[in-house]
$ cat start-v5.pdb   # PDB, C-alpha atoms
ATOM      1  CA  MET O 261       0.000   0.000   0.000
ATOM      2  CA  LYS O 262       2.803   2.436   0.894
ATOM      3  CA  LYS O 263       4.510   1.616  -2.410
ATOM      4  CA  THR O 264       1.314   2.373  -4.354
ATOM      5  CA  ILE O 265       0.830   5.700  -2.555
ATOM      6  CA  ALA O 266       4.478   6.624  -3.184
ATOM      7  CA  LEU O 267       4.070   5.816  -6.892
ATOM      8  CA  LEU O 268       0.926   7.944  -7.117
ATOM      9  CA  LEU O 269       2.550  10.860  -5.299
ATOM     10  CA  THR O 270       5.636  10.662  -7.511
ATOM     11  CA  ALA O 271       3.463  10.518 -10.629
ATOM     12  CA  ALA O 272       1.406  13.476  -9.428
ATOM     13  CA  ALA O 273       4.571  15.488  -8.776
ATOM     14  CA  LEU O 274       5.810  14.686 -12.269
ATOM     15  CA  GLY O 275       2.430  15.385 -13.832
ATOM     16  CA  THR O 276       2.051  11.825 -15.122
ATOM     17  CA  THR O 277      -0.276   8.936 -14.473
ATOM     18  CA  ALA O 278       1.089   6.014 -12.485
ATOM     19  CA  VAL O 279       0.150   2.533 -13.512
ATOM     20  CA  HIS O 280       0.320  -0.044 -10.773
ATOM     21  CA  ALA O 281       1.359  -3.350 -12.309
ATOM     22  CA  ALA O 282       0.463  -6.525 -10.481
ATOM     23  CA  PRO O 283       3.311  -8.969 -10.020
ATOM     24  CA  LYS O 284       3.506 -11.600 -12.750
ATOM     25  CA  ALA O 285       1.612 -14.746 -11.887
ATOM     26  CA  LYS O 286       3.659 -17.854 -11.344
ATOM     27  CA  ALA O 287       3.632 -20.159 -14.354
ATOM     28  CA  THR O 288       1.568 -23.252 -13.637
ATOM     29  CA  PRO O 289       2.085 -26.696 -15.178
ATOM     30  CA  ALA O 290      -1.296 -26.354 -16.937
ATOM     31  CA  LYS O 291      -0.258 -22.993 -18.397
ATOM     32  CA  ALA O 292       3.041 -24.428 -19.634
ATOM     33  CA  ASN O 293       1.233 -27.428 -21.130
ATOM     34  CA  ALA O 294      -1.332 -25.225 -22.901
ATOM     35  CA  LEU O 295       1.449 -23.164 -24.472
ATOM     36  CA  ALA O 296       3.452 -26.244 -25.463
ATOM     37  CA  PHE O 297       0.336 -27.912 -26.906
ATOM     38  CA  TYR O 298      -0.483 -24.843 -29.003
ATOM     39  CA  GLU O 299       3.068 -24.490 -30.280
ATOM     40  CA  MET O 300       3.317 -28.157 -31.250
ATOM     41  CA  ALA O 301      -0.138 -28.464 -32.814
ATOM     42  CA  PHE O 302      -0.667 -25.104 -34.507
ATOM     43  CA  ASN O 303       2.829 -23.788 -35.251
ATOM     44  CA  LYS O 304       4.875 -26.938 -35.764
ATOM     45  CA  HIS O 305       1.847 -28.740 -37.262
ATOM     46  CA  ARG O 306       2.600 -31.900 -35.279
ATOM     47  CA  VAL O 307      -1.064 -32.452 -34.442
ATOM     48  CA  GLN O 308      -0.961 -36.162 -33.637
ATOM     49  CA  GLU O 309       2.063 -35.745 -31.379
ATOM     50  CA  ALA O 310       0.405 -32.804 -29.591
ATOM     51  CA  ALA O 311      -2.777 -34.814 -29.068
ATOM     52  CA  ASP O 312      -0.859 -37.844 -27.785
ATOM     53  CA  ARG O 313       1.219 -35.771 -25.389
ATOM     54  CA  TYR O 314      -1.259 -33.184 -24.086
ATOM     55  CA  ILE O 315      -4.863 -34.418 -24.512
ATOM     56  CA  GLY O 316      -6.333 -36.711 -21.856
ATOM     57  CA  LYS O 317      -8.196 -39.982 -22.390
ATOM     58  CA  THR O 318     -11.426 -38.050 -21.960
ATOM     59  CA  TYR O 319     -11.637 -34.896 -24.061
ATOM     60  CA  ILE O 320     -14.913 -32.967 -23.994
ATOM     61  CA  GLN O 321     -15.222 -30.603 -26.938
ATOM     62  CA  HIS O 322     -17.510 -27.536 -26.955
ATOM     63  CA  ASN O 323     -16.543 -26.307 -30.445
ATOM     64  CA  PRO O 324     -19.660 -27.124 -32.526
ATOM     65  CA  GLY O 325     -17.569 -28.260 -35.496
ATOM     66  CA  VAL O 326     -15.378 -30.806 -33.704
ATOM     67  CA  ALA O 327     -16.466 -34.012 -31.952
ATOM     68  CA  ASP O 328     -15.290 -35.221 -28.544
ATOM     69  CA  GLY O 329     -12.001 -37.072 -28.182
ATOM     70  CA  ALA O 330      -8.375 -36.617 -29.141
ATOM     71  CA  GLN O 331      -8.807 -38.425 -32.469
ATOM     72  CA  ALA O 332     -11.568 -36.023 -33.497
ATOM     73  CA  PHE O 333      -9.192 -33.125 -32.812
ATOM     74  CA  VAL O 334      -6.546 -34.778 -35.009
ATOM     75  CA  ASP O 335      -9.105 -35.540 -37.737
ATOM     76  CA  ALA O 336     -10.240 -31.890 -37.762
ATOM     77  CA  PHE O 337      -6.845 -30.189 -37.796
ATOM     78  CA  VAL O 338      -4.525 -32.410 -39.839
ATOM     79  CA  PRO O 339      -6.451 -31.722 -43.094
ATOM     80  CA  PHE O 340      -6.835 -28.013 -42.223
ATOM     81  CA  LEU O 341      -3.088 -27.601 -41.660
ATOM     82  CA  LYS O 342      -2.235 -29.583 -44.805
ATOM     83  CA  GLU O 343      -4.428 -27.168 -46.794
ATOM     84  CA  ASN O 344      -2.847 -24.199 -44.971
ATOM     85  CA  PRO O 345       0.859 -25.039 -44.541
ATOM     86  CA  GLN O 346       1.739 -21.424 -43.634
ATOM     87  CA  SER O 347      -0.846 -21.349 -40.847
ATOM     88  CA  ARG O 348       0.496 -19.962 -37.568
ATOM     89  CA  ALA O 349      -0.918 -18.962 -34.199
ATOM     90  CA  GLU O 350       0.485 -16.046 -32.219
ATOM     91  CA  ILE O 351      -0.458 -16.128 -28.562
ATOM     92  CA  LYS O 352      -1.090 -12.602 -27.345
ATOM     93  CA  ARG O 353      -2.246 -13.352 -23.801
ATOM     94  CA  VAL O 354      -2.393 -16.346 -21.492
ATOM     95  CA  MET O 355      -4.305 -16.579 -18.234
ATOM     96  CA  ALA O 356      -4.677 -19.398 -15.742
ATOM     97  CA  ASP O 357      -7.326 -19.859 -13.078
ATOM     98  CA  GLY O 358      -7.176 -23.152 -11.214
ATOM     99  CA  ASP O 359      -7.542 -25.965 -13.725
ATOM    100  CA  LEU O 360      -8.478 -23.564 -16.554
ATOM    101  CA  VAL O 361      -6.091 -21.905 -19.003
ATOM    102  CA  MET O 362      -7.238 -19.233 -21.449
ATOM    103  CA  LEU O 363      -5.313 -18.181 -24.543
ATOM    104  CA  HIS O 364      -5.992 -15.043 -26.614
ATOM    105  CA  VAL O 365      -4.614 -15.836 -30.044
ATOM    106  CA  LEU O 366      -4.127 -14.291 -33.476
ATOM    107  CA  SER O 367      -4.531 -17.198 -35.875
ATOM    108  CA  ARG O 368      -3.521 -16.766 -39.524
ATOM    109  CA  THR O 369      -3.554 -19.156 -42.463
ATOM    110  CA  SER O 370      -0.759 -17.163 -44.154
ATOM    111  CA  PRO O 371       1.366 -14.071 -43.461
ATOM    112  CA  GLN O 372      -0.961 -12.030 -45.728
ATOM    113  CA  ASP O 373      -4.125 -13.162 -43.891
ATOM    114  CA  LYS O 374      -5.655 -10.652 -41.443
ATOM    115  CA  GLY O 375      -6.566 -13.710 -39.414
ATOM    116  CA  GLU O 376      -8.953 -14.504 -36.663
ATOM    117  CA  ALA O 377      -9.061 -13.526 -33.003
ATOM    118  CA  VAL O 378      -9.425 -16.715 -30.996
ATOM    119  CA  VAL O 379     -10.020 -17.291 -27.318
ATOM    120  CA  ASP O 380      -9.358 -20.893 -26.353
ATOM    121  CA  ILE O 381     -10.227 -22.167 -22.896
ATOM    122  CA  PHE O 382      -8.765 -25.485 -21.771
ATOM    123  CA  ARG O 383      -9.588 -27.455 -18.630
ATOM    124  CA  PHE O 384      -6.795 -29.678 -17.325
ATOM    125  CA  ASP O 385      -6.895 -32.765 -15.135
ATOM    126  CA  LYS O 386      -4.528 -33.332 -12.202
ATOM    127  CA  ALA O 387      -2.067 -35.125 -14.518
ATOM    128  CA  GLY O 388      -1.730 -31.976 -16.666
ATOM    129  CA  LYS O 389      -3.755 -33.279 -19.619
ATOM    130  CA  ILE O 390      -6.383 -31.288 -21.508
ATOM    131  CA  VAL O 391      -9.798 -32.800 -20.771
ATOM    132  CA  GLU O 392     -12.178 -30.070 -21.960
ATOM    133  CA  HIS O 393     -12.097 -27.256 -24.520
ATOM    134  CA  TRP O 394     -14.163 -24.173 -25.396
ATOM    135  CA  ASP O 395     -13.397 -21.529 -28.019
ATOM    136  CA  VAL O 396     -14.699 -18.312 -29.495
ATOM    137  CA  ILE O 397     -13.488 -17.267 -32.945
ATOM    138  CA  GLN O 398     -13.967 -13.915 -34.681
ATOM    139  CA  ALA O 399     -12.563 -12.641 -37.976
ATOM    140  CA  VAL O 400     -10.179  -9.696 -37.651
ATOM    141  CA  PRO O 401     -11.854  -6.809 -39.520
ATOM    142  CA  ASP O 402     -10.174  -4.223 -41.748
ATOM    143  CA  LYS O 403     -11.197  -1.532 -39.267
ATOM    144  CA  THR O 404     -13.045  -1.272 -35.985
ATOM    145  CA  ALA O 405     -15.579   1.268 -34.738
ATOM    146  CA  SER O 406     -13.241   2.228 -31.891
ATOM    147  CA  GLY O 407     -10.140   2.390 -34.057
ATOM    148  CA  ARG O 408      -8.366  -0.090 -31.782
ATOM    149  CA  SER O 409      -7.130  -3.531 -32.759
ATOM    150  CA  MET O 410      -8.567  -6.727 -31.363
ATOM    151  CA  PHE O 411      -5.285  -7.332 -29.573
TER     152      PHE O 411
END

$ encode --input "start-v5.pdb" --output "structure tokens"
Amino acid sequence: MKKTIALLLTAAALGTTAVHAAPKAKATPAKANALAFYEMAFNKHRVQEAADRYIGKTYIQHNPGVADGAQAFVDAFVPFLKENPQSRAEIKRVMADGDLVMLHVLSRTSPQDKGEAVVDIFRFDKAGKIVEHWDVIQAVPDKTASGRSMF
């Protein structure tokens, strides 16, 4: 509290606005596994290996276009990545809350593609395997009403 007050007083004296940054959250095993899974599956295009290593025996899928189970994930993304060999995912933000990890991602099929803004939410079991998945996907527009980017 004293540190925050000192920062505000210093900022006021300098005529600036102080921003109090929270300390960085400790990386959790689930967070590390979510990042490693994404890198392997969507950037290295090693979908089967990513599924084998990071998806649990039970995998509940909430994306309406993909069925439950690790094999359904593989069946959905192997053809997509073969059709889009330049596809890459750039993780902009990662958050963890208990057994949930959320990723805010810019996903592009090529360097020229404006891409899609994706929020993926993964639930992990105690062994560090993904057992449930939700996502929200939105095309990145040419311009926004606010003038700000989606990231």

$ axis_aligned_box --input "start-v5.pdb" --around "segment 368-383 of chain O" --padding-each-side "6 Å" --output "lines of an AutoDock Vina configuration file"
center_x = -4.4
center_y = -19.1
center_z = -32.2
size_x = 23.6
size_y = 28.8
size_z = 39.1

$ closest_residue --input "start-v5.pdb" --among "O:Arg348, O:His322, O:His305, O:His393" --to "Thr369 of chain O" --atoms "all atoms listed in the file"
O:Arg348

$ atom_distance --input "start-v5.pdb" --atom1 "atom CA of Phe297 of chain O" --atom2 "atom CA of Gln372 of chain O"
24.7 Å

$ resolve_selection --input "start-v5.pdb" --expression "the PyMOL selection byres ((chain O and resi 375) around 12)" --output "list in words"
Ser347, Arg348, Ala349, Glu350, Val365, Leu366, Ser367, Arg368, Thr369, Ser370, Pro371, Gln372, Asp373, Lys374, Glu376, Ala377, Val378, Ile397, Gln398, Ala399, Val400, Pro401, Asp402, Met410 and Phe411 of chain O

$ resolve_selection --input "start-v5.pdb" --expression "the PyMOL selection byres ((chain O and resi 317) around 12)" --output "ChimeraX atom specification"
/O:311-316,318-320,328-331,384-385,387-392

$ closest_residue --input "start-v5.pdb" --among "O:Ala296, O:Gly407, O:Val307, O:Ile381" --to "Lys342 of chain O" --atoms "only C-alpha atoms"
O:Val307

$ closest_residue --input "start-v5.pdb" --among "O:Phe302, O:Ala327, O:Ala294, O:Arg383" --to "Asp359 of chain O" --atoms "only C-alpha atoms"
O:Arg383

$ atom_distance --input "start-v5.pdb" --atom1 "atom CA of Gln346 of chain O" --atom2 "atom CA of Val334 of chain O"
17.9 Å

$ resolve_selection --input "start-v5.pdb" --expression "the PyMOL selection byres ((chain O and resi 395) around 6)" --output "number ranges by chain"
O: 379-380, 394, 396
